[in-house]
There are 2 protein chains.
Amino acid sequence: MTNNISNLIATVGNDLQSGACELALKAITVYQHILNKKTHNTPDEFRGELVKTAKLLIESQPAMAPIFNLSNQVLITAYEALSVESIRTNCLKVLEQSDKNLCENVQVIADYTFDIIPPGGLIFAYSFSSTVISALLSARNKGKYFRVATSEARPSFEGRKLAINLAQGGIEVMHTFDLALGLILPNCSAAFMGADCVGLPGIVNKVGSWLLAIACREYNIPLYVLCDTDKFVSEERLFEFEKHERPGKELWPEFNLTDSNKKIRILNHQFELVSLNLVTSLISEKGVLNPGKIEKYIKTKKTHEALKLEEAFF
Amino acid sequence: MTNNISNLIATVGNDLQSGACELALKAITVYQHILNKKTHNTPDEFRGELVKTAKLLIESQPAMAPIFNLSNQVLITAYEALSVESIRTNCLKVLEQSDKNLCENVQVIADYTFDIIPPGGLIFAYSFSSTVISALLSARNKGKYFRVATSEARPSFEGRKLAINLAQGGIEVMHTFDLALGLILPNCSAAFMGADCVGLPGIVNKVGSWLLAIACREYNIPLYVLCDTDKFVSEERLFEFEKHERPGKELWPEFNLTDSNKKIRILNHQFELVSLNLVTSLISEKGVLNPGKIEKYIKTKKTHEALKLEEAFF
């Protein structure tokens, strides 16, 4: 693997401010680089590099279902193709189609969302989701008036990026710190979030989504999850996000390891699970999906051998 | 009013990292400065400066009941005294007694708390309360083993100060960001917080206390409020904290007011109300208090004329 590609994968792993769709677009670029290299002599050599890349990409963002699903499709396609050239051609088609789907699905979801945004009110949007941003900006462009409340989304502050994106699109934003969502929610008529990963037990999203969900339930505010079915994964993969912890330094850069501070351990997890029953609706490119429908879509997913999880030893 | 005293009051107002008890000790220092000046010729002149100081101090920290109660007692005493010298002597006695009570009450509360700290477990402590810190350190000194989970307490990060204080006292700390309290609470066997102000509708404390309270209820974790009865105020004063908003810059120092960013309004409130029914127990120097007992103590409070709120005009 060239340095160039390792660097590209590293930028995917270190990107804490982007939503799942933006990261999937970055992953597409990584595969395009590899597929367009002319250095592979045999199909197996070619597939070998794709497997290695797939594992690294998935490892770099373990909660991002679109990266897993994209990688999975690339590998299935690469193992079905018989020559170096057909691996290249067929996999590039997969990428092209994924890219197209990502953009189209976002617009379809925006269209479904238009009808459920309460006009004239304040709505809450949590963390950073390009699907949520597109839906809100699209509704505003079509003339619906509303304001949006956002919070920082510590430790990476992607809520600031969300606020700036909405403001640039002409939407008035009230921005506050994360725990102040308890203070601002009573003024909101709906809340929106994206998802990194969806399975039958629930929705994996940025830490804080669970507190948002129980606060919404407490105040009787509908909570909508906007995401396409490319975020759906089997239960087996759903809990992969739990293994990953980010460096404590991201949380507390000035932390000094004095003798007494050795007693402080910093926890920096990125994702958590929100049970489906805490969510009002999941809005996908296939429309509003209930748990039964979600199950149906998940059951159609097949995982390539190379990406199956290893069994635990007992 | 001398610059010296204005500066002292400003340090009280700008102190976002201290708990109510520490701030009350600072307010005592302000009054000591004024009372020890020999520049007042008449009792009215002396009382005038005390009233002015009281109003400024209360305004600087509108949610801090001990500052209000201390100032109230100073004014009642100053207006009962008949000479410059007796104002000085009697008010200094009030300060001395307050100082003594603050320290003694903290120890009594620590003794009550010892019994309710679950041994061997992880407990959650929110924001910064010197009463909570003293209770936890005292329990550890008496040989009870437990660990404490803390969160940042944005925007002022007083949770970091809490973590450092506990670690210096030999307690193992797990520190995380605020919304991750939803992730760490399932591992906790109890949660503790202080209070800035207590009235019949509930407890006024740092924003985030309400989300902590509903998360504790959701996970069936007892939530204890540690505070002395000096934090109790009449309902009239309880909602004063709502008027105050801190500068947005504290939340987002790098915020640039570009044209589109003008659409972003930053909200930085410090305090919120947690209804008494969301709290397991309030532990004071008089023992565990139920709402009936709290009412009894509140009813004994008399407010000096100069500190009564103005009536709204209709």
# chains A, B, ... in the order shown; residues from 1 in each chain; ligands from 1

call {"tool": "select_by_dssp", "arguments": {"residues": "region 110-221 of chain A", "states": "helix (DSSP H, G or I)", "output": "NGL selection string"}}
result
:A and (110-116 or 130-141 or 158-168 or 178-187 or 209-219)

call {"tool": "interface_residues", "arguments": {"of": "chain A", "to": "chain B", "cutoff": "8 Å", "atoms": "only C-alpha atoms", "output": "number ranges by chain"}}
result
A: 154-155, 163-164, 167-168, 170-180, 182-183, 207-208, 210-211, 214-215, 251, 260-269, 272

call {"tool": "residues_around", "arguments": {"residues": "Gln73 (chain A)", "least_positions_apart": "3", "cutoff": "9 Å", "atoms": "only C-alpha atoms", "output": "ChimeraX atom specification"}}
result
/A:68-70,76-78,91,94,303-304

call {"tool": "atom_distance", "arguments": {"atom1": "CA of Glu305 (chain B)", "atom2": "CA of Glu80 (chain B)"}}
result
12.7 Å

call {"tool": "atom_distance", "arguments": {"atom1": "CA of Ser284 (chain A)", "atom2": "CA of Ile298 (chain A)"}}
result
13.4 Å

call {"tool": "residues_around", "arguments": {"residues": "Asn36 (chain B)", "least_positions_apart": "5", "cutoff": "10 Å", "atoms": "only C-alpha atoms", "output": "list of chain:residue names"}}
result
B:Tyr31, B:Arg88, B:Thr89, B:Leu92

call {"tool": "write_last_selection", "arguments": {"atoms": "C-alpha atoms", "output": "short mmCIF file (atom, residue, chain, number, x, y, z; two decimals), in the first residue's frame"}}
result
data_model
loop_
_atom_site.label_atom_id
_atom_site.label_comp_id
_atom_site.auth_asym_id
_atom_site.auth_seq_id
_atom_site.Cartn_x
_atom_site.Cartn_y
_atom_site.Cartn_z
CA TYR B 31 -17.94 42.83 53.48
CA ARG B 88 -19.21 47.48 62.34
CA THR B 89 -19.06 45.21 65.42
CA LEU B 92 -18.46 41.54 61.61
#

call {"tool": "select_by_dssp", "arguments": {"residues": "region 32-241 of chain B", "states": "strand (DSSP E)", "output": "tab-separated table (two decimals) with all heavy atoms, in the first residue's frame"}}
result
chain	number	residue	atom	x	y	z
B	122	LEU	N	-18.89	2.86	41.57
B	122	LEU	CA	-18.59	4.11	40.85
B	122	LEU	C	-19.75	5.05	41.14
B	122	LEU	O	-20.92	4.65	41.06
B	122	LEU	CB	-18.49	3.81	39.35
B	122	LEU	CG	-18.18	4.97	38.40
B	122	LEU	CD1	-16.78	5.54	38.66
B	122	LEU	CD2	-18.28	4.51	36.94
B	123	ILE	N	-19.44	6.29	41.49
B	123	ILE	CA	-20.52	7.26	41.68
B	123	ILE	C	-20.28	8.45	40.76
B	123	ILE	O	-19.14	8.74	40.39
B	123	ILE	CB	-20.67	7.72	43.14
B	123	ILE	CG1	-19.40	8.44	43.61
B	123	ILE	CG2	-20.99	6.55	44.06
B	123	ILE	CD1	-19.53	8.95	45.02
B	124	PHE	N	-21.37	9.10	40.37
B	124	PHE	CA	-21.25	10.24	39.47
B	124	PHE	C	-21.35	11.53	40.28
B	124	PHE	O	-22.19	11.63	41.17
B	124	PHE	CB	-22.35	10.20	38.40
B	124	PHE	CG	-22.11	11.17	37.28
B	124	PHE	CD1	-21.29	10.81	36.22
B	124	PHE	CD2	-22.66	12.44	37.30
B	124	PHE	CE1	-21.02	11.71	35.18
B	124	PHE	CE2	-22.40	13.34	36.27
B	124	PHE	CZ	-21.58	12.98	35.21
B	125	ALA	N	-20.49	12.50	39.97
B	125	ALA	CA	-20.58	13.82	40.62
B	125	ALA	C	-20.60	14.88	39.53
B	125	ALA	O	-19.76	14.85	38.63
B	125	ALA	CB	-19.41	14.04	41.57
B	147	ARG	N	-15.02	4.88	43.43
B	147	ARG	CA	-14.47	5.73	42.38
B	147	ARG	C	-15.53	6.76	41.97
B	147	ARG	O	-16.71	6.56	42.23
B	147	ARG	CB	-14.07	4.90	41.16
B	147	ARG	CG	-12.84	4.02	41.42
B	147	ARG	CD	-12.61	3.07	40.26
B	147	ARG	NE	-13.82	2.32	39.97
B	147	ARG	CZ	-14.21	1.95	38.75
B	147	ARG	NH1	-13.47	2.25	37.70
B	147	ARG	NH2	-15.32	1.27	38.58
B	148	VAL	N	-15.08	7.83	41.33
B	148	VAL	CA	-16.02	8.89	40.95
B	148	VAL	C	-15.93	9.16	39.45
B	148	VAL	O	-14.82	9.25	38.90
B	148	VAL	CB	-15.76	10.20	41.74
B	148	VAL	CG1	-16.75	11.28	41.32
B	148	VAL	CG2	-15.85	9.95	43.24
B	149	ALA	N	-17.07	9.25	38.78
B	149	ALA	CA	-17.12	9.68	37.38
B	149	ALA	C	-17.50	11.16	37.35
B	149	ALA	O	-18.39	11.59	38.08
B	149	ALA	CB	-18.14	8.85	36.62
B	150	THR	N	-16.79	11.92	36.53
B	150	THR	CA	-17.06	13.36	36.41
B	150	THR	C	-17.18	13.72	34.94
B	150	THR	O	-16.70	13.00	34.07
B	150	THR	CB	-15.90	14.19	37.01
B	150	THR	OG1	-14.70	13.91	36.27
B	150	THR	CG2	-15.66	13.85	38.47
B	151	SER	N	-17.82	14.84	34.67
B	151	SER	CA	-17.87	15.33	33.28
B	151	SER	C	-17.40	16.77	33.24
B	151	SER	O	-17.30	17.44	34.27
B	151	SER	CB	-19.27	15.18	32.70
B	151	SER	OG	-20.11	16.19	33.19
B	173	VAL	N	-10.65	8.69	39.40
B	173	VAL	CA	-11.68	9.45	38.68
B	173	VAL	C	-11.75	8.97	37.22
B	173	VAL	O	-10.72	8.76	36.58
B	173	VAL	CB	-11.35	10.97	38.70
B	173	VAL	CG1	-12.36	11.75	37.87
B	173	VAL	CG2	-11.32	11.48	40.13
B	174	MET	N	-12.96	8.80	36.71
B	174	MET	CA	-13.19	8.60	35.28
B	174	MET	C	-13.79	9.90	34.79
B	174	MET	O	-14.87	10.29	35.25
B	174	MET	CB	-14.22	7.50	35.03
B	174	MET	CG	-14.05	6.27	35.87
B	174	MET	SD	-13.20	5.02	34.94
B	174	MET	CE	-14.58	4.27	34.11
B	175	HIS	N	-13.13	10.55	33.84
B	175	HIS	CA	-13.58	11.87	33.39
B	175	HIS	C	-13.99	11.80	31.93
B	175	HIS	O	-13.27	11.23	31.10
B	175	HIS	CB	-12.44	12.88	33.57
B	175	HIS	CG	-12.81	14.28	33.23
B	175	HIS	ND1	-13.59	15.06	34.05
B	175	HIS	CD2	-12.54	15.04	32.15
B	175	HIS	CE1	-13.76	16.24	33.49
B	175	HIS	NE2	-13.14	16.26	32.33
B	176	THR	N	-15.12	12.39	31.60
B	176	THR	CA	-15.57	12.34	30.21
B	176	THR	C	-16.29	13.64	29.85
B	176	THR	O	-16.35	14.57	30.65
B	176	THR	CB	-16.45	11.09	29.99
B	176	THR	OG1	-16.66	10.93	28.58
B	176	THR	CG2	-17.79	11.18	30.70
B	188	CYS	N	-22.89	3.45	37.25
B	188	CYS	CA	-22.82	4.14	38.53
B	188	CYS	C	-23.90	3.64	39.48
B	188	CYS	O	-24.99	3.26	39.06
B	188	CYS	CB	-22.98	5.65	38.33
B	188	CYS	SG	-21.66	6.39	37.36
B	189	SER	N	-23.59	3.70	40.78
B	189	SER	CA	-24.59	3.26	41.75
B	189	SER	C	-25.25	4.43	42.47
B	189	SER	O	-26.21	4.24	43.21
B	189	SER	CB	-23.96	2.29	42.75
B	189	SER	OG	-22.73	2.78	43.21
B	190	ALA	N	-24.77	5.63	42.24
B	190	ALA	CA	-25.41	6.83	42.82
B	190	ALA	C	-24.85	8.05	42.12
B	190	ALA	O	-23.77	7.99	41.51
B	190	ALA	CB	-25.13	6.93	44.32
B	191	ALA	N	-25.59	9.16	42.19
B	191	ALA	CA	-25.10	10.42	41.64
B	191	ALA	C	-25.26	11.52	42.69
B	191	ALA	O	-26.20	11.48	43.49
B	191	ALA	CB	-25.86	10.79	40.36
B	192	PHE	N	-24.33	12.47	42.67
B	192	PHE	CA	-24.32	13.55	43.65
B	192	PHE	C	-24.21	14.90	42.94
B	192	PHE	O	-23.48	15.02	41.97
B	192	PHE	CB	-23.13	13.42	44.61
B	192	PHE	CG	-23.28	12.27	45.56
B	192	PHE	CD1	-22.88	10.99	45.19
B	192	PHE	CD2	-23.83	12.46	46.82
B	192	PHE	CE1	-23.03	9.92	46.07
B	192	PHE	CE2	-23.98	11.39	47.70
B	192	PHE	CZ	-23.58	10.12	47.32
B	193	MET	N	-24.94	15.87	43.45
B	193	MET	CA	-24.71	17.23	42.97
B	193	MET	C	-24.89	18.20	44.13
B	193	MET	O	-25.44	17.84	45.18
B	193	MET	CB	-25.64	17.58	41.80
B	193	MET	CG	-27.11	17.61	42.11
B	193	MET	SD	-28.13	17.90	40.60
B	193	MET	CE	-29.40	18.98	41.27
B	197	CYS	N	-29.13	27.13	45.02
B	197	CYS	CA	-30.32	27.79	45.50
B	197	CYS	C	-31.42	26.73	45.61
B	197	CYS	O	-31.54	25.88	44.72
B	197	CYS	CB	-30.66	28.82	44.42
B	197	CYS	SG	-31.75	30.11	44.85
B	198	VAL	N	-32.17	26.74	46.68
B	198	VAL	CA	-33.25	25.76	46.83
B	198	VAL	C	-34.54	26.47	47.22
B	198	VAL	O	-34.54	27.32	48.12
B	198	VAL	CB	-32.91	24.71	47.92
B	198	VAL	CG1	-34.08	23.74	48.12
B	198	VAL	CG2	-31.65	23.94	47.56
B	199	GLY	N	-35.61	26.16	46.53
B	199	GLY	CA	-36.92	26.69	46.88
B	199	GLY	C	-37.93	25.57	46.79
B	199	GLY	O	-37.56	24.43	46.47
B	202	GLY	N	-38.09	23.63	43.46
B	202	GLY	CA	-36.99	22.74	43.14
B	202	GLY	C	-35.63	23.32	43.47
B	202	GLY	O	-35.52	24.27	44.26
B	203	ILE	N	-34.64	22.75	42.82
B	203	ILE	CA	-33.25	23.06	43.10
B	203	ILE	C	-32.66	23.78	41.90
B	203	ILE	O	-32.75	23.28	40.76
B	203	ILE	CB	-32.49	21.75	43.39
B	203	ILE	CG1	-32.92	21.25	44.77
B	203	ILE	CG2	-31.00	21.93	43.32
B	203	ILE	CD1	-33.02	19.79	44.87
B	204	VAL	N	-32.05	24.93	42.13
B	204	VAL	CA	-31.37	25.64	41.06
B	204	VAL	C	-29.90	25.22	41.10
B	204	VAL	O	-29.25	25.31	42.13
B	204	VAL	CB	-31.49	27.17	41.22
B	204	VAL	CG1	-30.64	27.89	40.19
B	204	VAL	CG2	-32.95	27.59	41.09
B	205	ASN	N	-29.41	24.73	39.98
B	205	ASN	CA	-28.01	24.32	39.90
B	205	ASN	C	-27.55	24.51	38.46
B	205	ASN	O	-28.34	24.83	37.56
B	205	ASN	CB	-27.86	22.85	40.35
B	205	ASN	CG	-26.44	22.49	40.73
B	205	ASN	OD1	-25.73	23.27	41.36
B	205	ASN	ND2	-26.00	21.32	40.32
B	206	LYS	N	-26.27	24.33	38.24
B	206	LYS	CA	-25.66	24.44	36.91
B	206	LYS	C	-26.51	23.75	35.84
B	206	LYS	O	-27.03	22.65	36.07
B	206	LYS	CB	-24.29	23.76	37.01
B	206	LYS	CG	-23.64	23.42	35.70
B	206	LYS	CD	-22.62	24.43	35.29
B	206	LYS	CE	-22.01	24.03	33.95
B	206	LYS	NZ	-20.95	24.95	33.54
B	223	LEU	N	-30.24	10.00	43.08
B	223	LEU	CA	-29.56	11.30	42.90
B	223	LEU	C	-29.68	12.08	44.20
B	223	LEU	O	-30.79	12.39	44.65
B	223	LEU	CB	-30.22	12.07	41.74
B	223	LEU	CG	-29.79	13.53	41.55
B	223	LEU	CD1	-28.29	13.63	41.25
B	223	LEU	CD2	-30.59	14.19	40.42
B	224	TYR	N	-28.54	12.38	44.81
B	224	TYR	CA	-28.53	13.11	46.09
B	224	TYR	C	-28.04	14.53	45.87
B	224	TYR	O	-27.05	14.76	45.19
B	224	TYR	CB	-27.60	12.41	47.08
B	224	TYR	CG	-28.00	10.97	47.37
B	224	TYR	CD1	-27.29	9.91	46.81
B	224	TYR	CD2	-29.10	10.69	48.18
B	224	TYR	CE1	-27.67	8.59	47.05
B	224	TYR	CE2	-29.48	9.38	48.43
B	224	TYR	CZ	-28.77	8.33	47.86
B	224	TYR	OH	-29.14	7.04	48.09
B	225	VAL	N	-28.76	15.48	46.49
B	225	VAL	CA	-28.33	16.87	46.47
B	225	VAL	C	-27.77	17.19	47.85
B	225	VAL	O	-28.44	16.98	48.87
B	225	VAL	CB	-29.50	17.82	46.16
B	225	VAL	CG1	-29.07	19.26	46.26
B	225	VAL	CG2	-30.05	17.52	44.77
B	226	LEU	N	-26.52	17.64	47.88
B	226	LEU	CA	-25.90	18.00	49.16
B	226	LEU	C	-25.85	19.52	49.26
B	226	LEU	O	-25.22	20.18	48.43
B	226	LEU	CB	-24.48	17.46	49.25
B	226	LEU	CG	-24.24	15.97	48.94
B	226	LEU	CD1	-22.80	15.59	49.25
B	226	LEU	CD2	-25.20	15.10	49.73

call {"tool": "atom_distance", "arguments": {"atom1": "CA of Lys144 (chain A)", "atom2": "CA of Leu162 (chain A)"}}
result
18.9 Å

call {"tool": "residues_around", "arguments": {"residues": "region 112-120 of chain A", "least_positions_apart": "4", "cutoff": "6 Å", "atoms": "only C-alpha atoms", "output": "list in words"}}
result
Ala139, Tyr145 and Phe146 of chain A
